[in-house]
$ cat model_37.pdb   # PDB, C-alpha atoms
ATOM      1  CA  MET K   1     -52.842  41.242   8.379
ATOM      2  CA  LEU K   2     -49.439  40.102   9.656
ATOM      3  CA  GLU K   3     -48.591  43.660  10.682
ATOM      4  CA  ILE K   4     -51.895  43.995  12.582
ATOM      5  CA  VAL K   5     -51.239  40.837  14.627
ATOM      6  CA  ALA K   6     -47.639  41.924  15.311
ATOM      7  CA  PHE K   7     -48.931  45.357  16.361
ATOM      8  CA  VAL K   8     -51.345  43.896  18.931
ATOM      9  CA  LEU K   9     -48.726  41.507  20.297
ATOM     10  CA  GLY K  10     -46.254  44.387  20.575
ATOM     11  CA  VAL K  11     -48.581  46.596  22.593
ATOM     12  CA  ILE K  12     -49.379  43.753  24.985
ATOM     13  CA  ASN K  13     -45.686  42.851  25.295
ATOM     14  CA  VAL K  14     -44.434  46.329  26.188
ATOM     15  CA  ALA K  15     -47.357  47.059  28.523
ATOM     16  CA  LEU K  16     -46.444  43.891  30.437
ATOM     17  CA  VAL K  17     -42.744  44.864  30.528
ATOM     18  CA  VAL K  18     -43.673  48.253  31.993
ATOM     19  CA  ARG K  19     -45.587  46.439  34.719
ATOM     20  CA  ARG K  20     -42.550  44.163  35.265
ATOM     21  CA  SER K  21     -44.657  41.108  34.394
ATOM     22  CA  ILE K  22     -42.762  38.021  33.316
ATOM     23  CA  TRP K  23     -45.682  37.201  31.013
ATOM     24  CA  ASN K  24     -44.360  39.787  28.544
ATOM     25  CA  TYR K  25     -42.031  37.159  27.119
ATOM     26  CA  PRO K  26     -44.495  34.870  25.268
ATOM     27  CA  PHE K  27     -45.980  37.932  23.545
ATOM     28  CA  ALA K  28     -42.495  39.200  22.683
ATOM     29  CA  LEU K  29     -41.487  35.895  21.113
ATOM     30  CA  ALA K  30     -44.574  35.806  18.886
ATOM     31  CA  MET K  31     -44.219  39.481  17.925
ATOM     32  CA  VAL K  32     -40.556  39.282  16.897
ATOM     33  CA  ALA K  33     -41.186  36.176  14.812
ATOM     34  CA  LEU K  34     -43.784  38.094  12.798
ATOM     35  CA  TYR K  35     -41.696  41.247  12.502
ATOM     36  CA  ALA K  36     -38.740  39.287  11.102
ATOM     37  CA  ARG K  37     -40.860  38.626   8.016
ATOM     38  CA  ILE K  38     -42.383  42.106   7.852
ATOM     39  CA  PHE K  39     -38.993  43.843   7.958
ATOM     40  CA  TYR K  40     -37.412  41.433   5.486
ATOM     41  CA  ASP K  41     -40.179  42.176   3.002
ATOM     42  CA  ALA K  42     -39.560  45.936   3.512
ATOM     43  CA  LYS K  43     -35.796  45.480   2.880
ATOM     44  CA  LEU K  44     -35.008  46.642   6.408
ATOM     45  CA  TYR K  45     -32.454  43.893   6.837
ATOM     46  CA  SER K  46     -30.938  45.171  10.069
ATOM     47  CA  ASP K  47     -34.396  45.189  11.645
ATOM     48  CA  ALA K  48     -35.164  41.751  10.205
ATOM     49  CA  LEU K  49     -31.956  40.239  11.626
ATOM     50  CA  LEU K  50     -32.580  42.071  14.875
ATOM     51  CA  GLN K  51     -35.742  40.020  15.379
ATOM     52  CA  PHE K  52     -33.678  36.817  15.562
ATOM     53  CA  PHE K  53     -31.506  38.435  18.214
ATOM     54  CA  PHE K  54     -34.645  39.584  20.058
ATOM     55  CA  PHE K  55     -36.001  36.051  19.982
ATOM     56  CA  ALA K  56     -32.849  34.669  21.620
ATOM     57  CA  VAL K  57     -32.492  37.473  24.159
ATOM     58  CA  ASN K  58     -36.178  37.230  25.087
ATOM     59  CA  LEU K  59     -35.643  33.558  25.885
ATOM     60  CA  TYR K  60     -32.685  34.624  28.058
ATOM     61  CA  GLY K  61     -34.724  37.413  29.656
ATOM     62  CA  TRP K  62     -37.563  35.038  30.465
ATOM     63  CA  TRP K  63     -35.093  32.714  32.176
ATOM     64  CA  ALA K  64     -33.306  35.575  34.007
ATOM     65  CA  TRP K  65     -36.508  37.236  35.204
ATOM     66  CA  SER K  66     -37.824  33.833  36.366
ATOM     67  CA  ARG K  67     -34.752  33.347  38.537
ATOM     68  CA  VAL K  68     -34.964  36.821  40.096
ATOM     69  CA  ALA K  69     -38.698  36.520  40.725
ATOM     70  CA  ALA K  70     -38.149  33.135  42.380
ATOM     71  CA  SER K  71     -35.403  34.428  44.680
ATOM     72  CA  GLU K  72     -36.655  37.978  45.344
ATOM     73  CA  GLY K  73     -40.414  37.508  45.027
ATOM     74  CA  THR K  74     -40.558  40.403  42.531
ATOM     75  CA  ILE K  75     -38.638  41.796  39.585
ATOM     76  CA  VAL K  76     -35.914  44.036  41.049
ATOM     77  CA  VAL K  77     -34.850  47.147  39.099
ATOM     78  CA  GLU K  78     -31.134  47.914  38.855
ATOM     79  CA  ARG K  79     -28.989  50.807  37.569
ATOM     80  CA  LEU K  80     -25.644  51.043  35.764
ATOM     81  CA  GLY K  81     -22.682  52.874  37.248
ATOM     82  CA  VAL K  82     -21.057  55.783  35.404
ATOM     83  CA  ARG K  83     -18.165  53.696  34.057
ATOM     84  CA  SER K  84     -20.577  51.068  32.736
ATOM     85  CA  ARG K  85     -22.710  53.713  31.035
ATOM     86  CA  VAL K  86     -19.663  55.104  29.228
ATOM     87  CA  ALA K  87     -18.627  51.596  28.158
ATOM     88  CA  TRP K  88     -22.134  50.814  26.860
ATOM     89  CA  ALA K  89     -22.270  54.123  24.949
ATOM     90  CA  ALA K  90     -18.847  53.605  23.353
ATOM     91  CA  GLY K  91     -19.535  49.973  22.463
ATOM     92  CA  THR K  92     -22.897  50.862  20.974
ATOM     93  CA  ALA K  93     -21.420  53.692  18.873
ATOM     94  CA  ILE K  94     -18.657  51.447  17.528
ATOM     95  CA  ALA K  95     -21.144  48.689  16.723
ATOM     96  CA  ILE K  96     -23.376  51.164  14.835
ATOM     97  CA  VAL K  97     -20.479  52.317  12.627
ATOM     98  CA  ILE K  98     -19.328  48.764  11.890
ATOM     99  CA  TRP K  99     -22.785  47.323  11.245
ATOM    100  CA  ALA K 100     -24.075  50.239   9.161
ATOM    101  CA  SER K 101     -20.914  50.210   7.035
ATOM    102  CA  LEU K 102     -21.296  46.495   6.356
ATOM    103  CA  VAL K 103     -25.005  46.734   5.556
ATOM    104  CA  GLN K 104     -24.440  49.718   3.261
ATOM    105  CA  ARG K 105     -21.617  48.011   1.395
ATOM    106  CA  TYR K 106     -22.973  44.473   1.041
ATOM    107  CA  THR K 107     -26.765  44.786   0.739
ATOM    108  CA  ASP K 108     -29.432  46.738  -1.068
ATOM    109  CA  ALA K 109     -30.856  47.844   2.289
ATOM    110  CA  ALA K 110     -33.083  50.870   2.378
ATOM    111  CA  LEU K 111     -31.698  53.556   4.738
ATOM    112  CA  PRO K 112     -28.832  51.416   6.101
ATOM    113  CA  TRP K 113     -27.463  53.944   8.627
ATOM    114  CA  TRP K 114     -30.856  54.839  10.052
ATOM    115  CA  ASP K 115     -31.938  51.212  10.187
ATOM    116  CA  ALA K 116     -28.615  50.060  11.667
ATOM    117  CA  THR K 117     -28.652  52.746  14.352
ATOM    118  CA  ALA K 118     -32.147  51.762  15.470
ATOM    119  CA  ALA K 119     -31.173  48.082  15.369
ATOM    120  CA  ILE K 120     -27.922  48.364  17.338
ATOM    121  CA  VAL K 121     -29.405  50.644  19.995
ATOM    122  CA  SER K 122     -32.272  48.146  20.259
ATOM    123  CA  VAL K 123     -29.750  45.375  20.914
ATOM    124  CA  ALA K 124     -28.228  47.365  23.771
ATOM    125  CA  ALA K 125     -31.662  48.252  25.161
ATOM    126  CA  GLN K 126     -32.900  44.655  25.032
ATOM    127  CA  ILE K 127     -29.818  43.308  26.789
ATOM    128  CA  MET K 128     -30.188  45.982  29.463
ATOM    129  CA  GLN K 129     -33.880  45.199  29.864
ATOM    130  CA  SER K 130     -33.120  41.506  30.278
ATOM    131  CA  ARG K 131     -30.822  42.563  33.107
ATOM    132  CA  ARG K 132     -33.583  44.780  34.547
ATOM    133  CA  LEU K 133     -31.537  47.970  34.089
ATOM    134  CA  ILE K 134     -33.493  51.216  34.236
ATOM    135  CA  GLU K 135     -31.282  52.717  31.513
ATOM    136  CA  SER K 136     -32.956  50.379  29.021
ATOM    137  CA  TRP K 137     -35.983  52.672  28.992
ATOM    138  CA  MET K 138     -33.869  55.681  27.984
ATOM    139  CA  LEU K 139     -32.515  53.730  25.044
ATOM    140  CA  TRP K 140     -35.984  52.492  24.091
ATOM    141  CA  ILE K 141     -37.222  56.092  24.019
ATOM    142  CA  GLY K 142     -34.443  56.938  21.544
ATOM    143  CA  VAL K 143     -35.119  53.830  19.450
ATOM    144  CA  ASP K 144     -38.830  54.596  19.345
ATOM    145  CA  MET K 145     -38.229  58.151  18.126
ATOM    146  CA  LEU K 146     -35.824  56.931  15.402
ATOM    147  CA  SER K 147     -38.158  54.129  14.387
ATOM    148  CA  ILE K 148     -41.244  56.324  14.065
ATOM    149  CA  GLY K 149     -39.524  58.274  11.291
ATOM    150  CA  LEU K 150     -37.968  55.207   9.687
ATOM    151  CA  TYR K 151     -41.250  53.331   9.405
ATOM    152  CA  ALA K 152     -43.088  56.413   8.162
ATOM    153  CA  VAL K 153     -40.542  56.800   5.366
ATOM    154  CA  LYS K 154     -40.945  53.104   4.467
ATOM    155  CA  GLY K 155     -44.765  53.326   4.518
ATOM    156  CA  LEU K 156     -45.142  50.857   7.394
ATOM    157  CA  TRP K 157     -47.897  52.976   8.903
ATOM    158  CA  LEU K 158     -49.240  50.537  11.459
ATOM    159  CA  THR K 159     -45.718  49.763  12.652
ATOM    160  CA  MET K 160     -45.090  53.520  12.899
ATOM    161  CA  VAL K 161     -48.190  53.836  15.098
ATOM    162  CA  LEU K 162     -46.948  50.879  17.148
ATOM    163  CA  TYR K 163     -43.693  52.737  17.812
ATOM    164  CA  LEU K 164     -45.691  55.819  18.839
ATOM    165  CA  VAL K 165     -47.446  53.564  21.359
ATOM    166  CA  PHE K 166     -44.061  52.081  22.339
ATOM    167  CA  LEU K 167     -42.760  55.626  22.920
ATOM    168  CA  VAL K 168     -45.596  56.381  25.332
ATOM    169  CA  LEU K 169     -45.090  53.031  27.063
ATOM    170  CA  ALA K 170     -41.320  53.594  27.282
ATOM    171  CA  VAL K 171     -41.848  56.950  28.992
ATOM    172  CA  TRP K 172     -44.320  55.244  31.341
ATOM    173  CA  GLY K 173     -41.806  52.440  31.920
ATOM    174  CA  LEU K 174     -39.021  54.877  32.769
ATOM    175  CA  ILE K 175     -41.235  56.762  35.216
ATOM    176  CA  ASP K 176     -42.571  53.586  36.826
ATOM    177  CA  TRP K 177     -39.193  51.841  37.084
ATOM    178  CA  ARG K 178     -37.672  54.990  38.629
ATOM    179  CA  ARG K 179     -40.492  54.955  41.196
ATOM    180  CA  VAL K 180     -39.829  51.288  41.932
ATOM    181  CA  GLN K 181     -36.102  51.920  42.250
ATOM    182  CA  ARG K 182     -36.655  54.793  44.699
ATOM    183  CA  HIS K 183     -38.891  52.476  46.746
ATOM    184  CA  GLN K 184     -36.216  49.735  46.641
ATOM    185  CA  ASP K 185     -33.505  52.214  47.695
ATOM    186  CA  ALA K 186     -35.636  53.403  50.617
ATOM    187  CA  ALA K 187     -36.251  49.845  51.831
TER     188      ALA K 187
END
$ encode --input "model_37.pdb" --output "structure tokens"
Amino acid sequence: MLEIVAFVLGVINVALVVRRSIWNYPFALAMVALYARIFYDAKLYSDALLQFFFFAVNLYGWWAWSRVAASEGTIVVERLGVRSRVAWAAGTAIAIVIWASLVQRYTDAALPWWDATAAIVSVAAQIMQSRRLIESWMLWIGVDMLSIGLYAVKGLWLTMVLYLVFLVLAVWGLIDWRRVQRHQDAA
């Protein structure tokens, strides 16, 4: 039952993010609270800890999006420069190696490298999304593809379906945010 509620909250949350609606945040906070328990029970410790990070960064995102909406009248989409993309990629890769090594060595985690990769890339994507960066959607597409397999292997079927839905929404988000950015650039 917990997974069903988290599933519904997740679909609503991401659909609202795609539409650049600030109301995505209450749904996100409820969803991540539920998934912390679900992932802990499945011994996906990186994903379970990730939910605490998501909770904090969603609070930050809600605050940040509120400020931009108040000053701009809408949620403005931004893009990283080449140097910043390289820095994000390198930092994310280093964090994956460190975190996965620690989880593998000190826990009984199931699939520590797979789980850690999805978790660390999710951290980068969530931070980028809080900053309204279009590149966040590219990372979410990668996370969704990794997670679909991970949750299938762990038998979390409804969560796997949720990540299939997230994948579709992430592609939609990337397309829509690119359209918005082109419109912003033309203005």
$ atom_distance --input "model_37.pdb" --atom1 "CA of Gly81 in chain K" --atom2 "CA of Gln129 in chain K"
15.5 Å
$ atom_distance --input "model_37.pdb" --atom1 "CA of Gly142 in chain K" --atom2 "CA of Lys154 in chain K"
18.7 Å
$ atom_distance --input "model_37.pdb" --atom1 "CA of Pro26 in chain K" --atom2 "CA of Val8 in chain K"
13.0 Å
$ resolve_selection --input "model_37.pdb" --expression "the PyMOL selection byres ((chain K and resi 62) around 10)" --output "PyMOL selection string"
chain K and resi 22-26+57-61+63-67+130
$ resolve_selection --input "model_37.pdb" --expression "the PyMOL selection byres ((chain K and resi 181) around 9)" --output "list in words"
Val76, Val77, Glu78, Arg79, Ile134, Asp176, Trp177, Arg178, Arg179, Val180, Arg182, His183, Gln184, Asp185 and Ala186 of chain K
$ resolve_selection --input "model_37.pdb" --expression "the PyMOL selection byres ((chain K and resi 102-118) around 9)" --output "list in words"
Ala42, Lys43, Leu44, Tyr45, Ser46, Asp47, Thr92, Ala93, Ala95, Ile96, Val97, Ile98, Trp99, Ala100, Ser101, Ala119, Ile120, Val121, Ser122, Val123, Gly142, Val143, Asp144, Leu146, Ser147, Leu150 and Lys154 of chain K
$ closest_residue --input "model_37.pdb" --among "K:Ala170, K:Tyr35, K:Ala28, K:Ile148" --to "Ala48 in chain K" --atoms "all atoms listed in the file"
K:Tyr35
$ closest_residue --input "model_37.pdb" --among "K:Ala56, K:Leu34, K:Ile4, K:Leu80" --to "Met160 in chain K" --atoms "all atoms listed in the file"
K:Ile4
$ closest_residue --input "model_37.pdb" --among "K:Ala6, K:Leu50, K:Met1, K:Ile75" --to "Thr159 in chain K" --atoms "all atoms listed in the file"
K:Ala6
$ residues_around --input "model_37.pdb" --residues "Ile175 in chain K" --least-positions-apart "6" --cutoff "12 Å" --atoms "all atoms listed in the file" --output "list in words"
Val18, Arg19, Ile134, Glu135, Trp137, Met138, Ile141, Val168, Leu169, Gln181 and Arg182 of chain K
$ closest_residue --input "model_37.pdb" --among "K:Leu162, K:Gly149, K:Ala124, K:Arg20" --to "Ala69 in chain K" --atoms "only C-alpha atoms"
K:Arg20
$ build_atoms --input "model_37.pdb" --residues "range 5-23 of chain K" --atoms "N, CA and C atoms" --output "mmCIF file, keeping the file's coordinate frame"
data_model
loop_
_atom_site.group_PDB
_atom_site.id
_atom_site.type_symbol
_atom_site.label_atom_id
_atom_site.label_comp_id
_atom_site.auth_asym_id
_atom_site.auth_seq_id
_atom_site.Cartn_x
_atom_site.Cartn_y
_atom_site.Cartn_z
ATOM 1 N N VAL K 5 -51.465 41.796 13.538
ATOM 2 C CA VAL K 5 -51.239 40.837 14.627
ATOM 3 C C VAL K 5 -49.971 41.205 15.397
ATOM 4 N N ALA K 6 -48.892 41.537 14.661
ATOM 5 C CA ALA K 6 -47.639 41.924 15.311
ATOM 6 C C ALA K 6 -47.833 43.187 16.151
ATOM 7 N N PHE K 7 -48.622 44.120 15.644
ATOM 8 C CA PHE K 7 -48.931 45.357 16.361
ATOM 9 C C PHE K 7 -49.584 45.059 17.714
ATOM 10 N N VAL K 8 -50.618 44.233 17.695
ATOM 11 C CA VAL K 8 -51.345 43.896 18.931
ATOM 12 C C VAL K 8 -50.421 43.180 19.919
ATOM 13 N N LEU K 9 -49.665 42.225 19.428
ATOM 14 C CA LEU K 9 -48.726 41.507 20.297
ATOM 15 C C LEU K 9 -47.695 42.464 20.895
ATOM 16 N N GLY K 10 -47.237 43.421 20.103
ATOM 17 C CA GLY K 10 -46.254 44.387 20.575
ATOM 18 C C GLY K 10 -46.772 45.269 21.690
ATOM 19 N N VAL K 11 -47.991 45.748 21.549
ATOM 20 C CA VAL K 11 -48.581 46.596 22.593
ATOM 21 C C VAL K 11 -48.725 45.808 23.891
ATOM 22 N N ILE K 12 -49.223 44.590 23.791
ATOM 23 C CA ILE K 12 -49.379 43.753 24.985
ATOM 24 C C ILE K 12 -48.017 43.488 25.625
ATOM 25 N N ASN K 13 -47.026 43.144 24.803
ATOM 26 C CA ASN K 13 -45.686 42.851 25.295
ATOM 27 C C ASN K 13 -45.111 44.017 26.090
ATOM 28 N N VAL K 14 -45.076 45.199 25.520
ATOM 29 C CA VAL K 14 -44.434 46.329 26.188
ATOM 30 C C VAL K 14 -45.234 46.770 27.414
ATOM 31 N N ALA K 15 -46.552 46.717 27.343
ATOM 32 C CA ALA K 15 -47.357 47.059 28.523
ATOM 33 C C ALA K 15 -47.022 46.120 29.682
ATOM 34 N N LEU K 16 -46.807 44.848 29.387
ATOM 35 C CA LEU K 16 -46.444 43.891 30.437
ATOM 36 C C LEU K 16 -45.023 44.121 30.949
ATOM 37 N N VAL K 17 -44.104 44.543 30.077
ATOM 38 C CA VAL K 17 -42.744 44.864 30.528
ATOM 39 C C VAL K 17 -42.787 46.043 31.487
ATOM 40 N N VAL K 18 -43.547 47.072 31.125
ATOM 41 C CA VAL K 18 -43.673 48.253 31.993
ATOM 42 C C VAL K 18 -44.126 47.833 33.384
ATOM 43 N N ARG K 19 -45.042 46.900 33.436
ATOM 44 C CA ARG K 19 -45.587 46.439 34.719
ATOM 45 C C ARG K 19 -44.684 45.399 35.388
ATOM 46 N N ARG K 20 -43.517 45.130 34.757
ATOM 47 C CA ARG K 20 -42.550 44.163 35.265
ATOM 48 C C ARG K 20 -43.173 42.772 35.383
ATOM 49 N N SER K 21 -44.023 42.428 34.419
ATOM 50 C CA SER K 21 -44.657 41.108 34.394
ATOM 51 C C SER K 21 -43.845 40.167 33.521
ATOM 52 N N ILE K 22 -43.523 39.029 34.056
ATOM 53 C CA ILE K 22 -42.762 38.021 33.316
ATOM 54 C C ILE K 22 -43.542 37.485 32.112
ATOM 55 N N TRP K 23 -44.848 37.699 32.105
ATOM 56 C CA TRP K 23 -45.682 37.201 31.013
ATOM 57 C C TRP K 23 -45.512 38.015 29.738
#
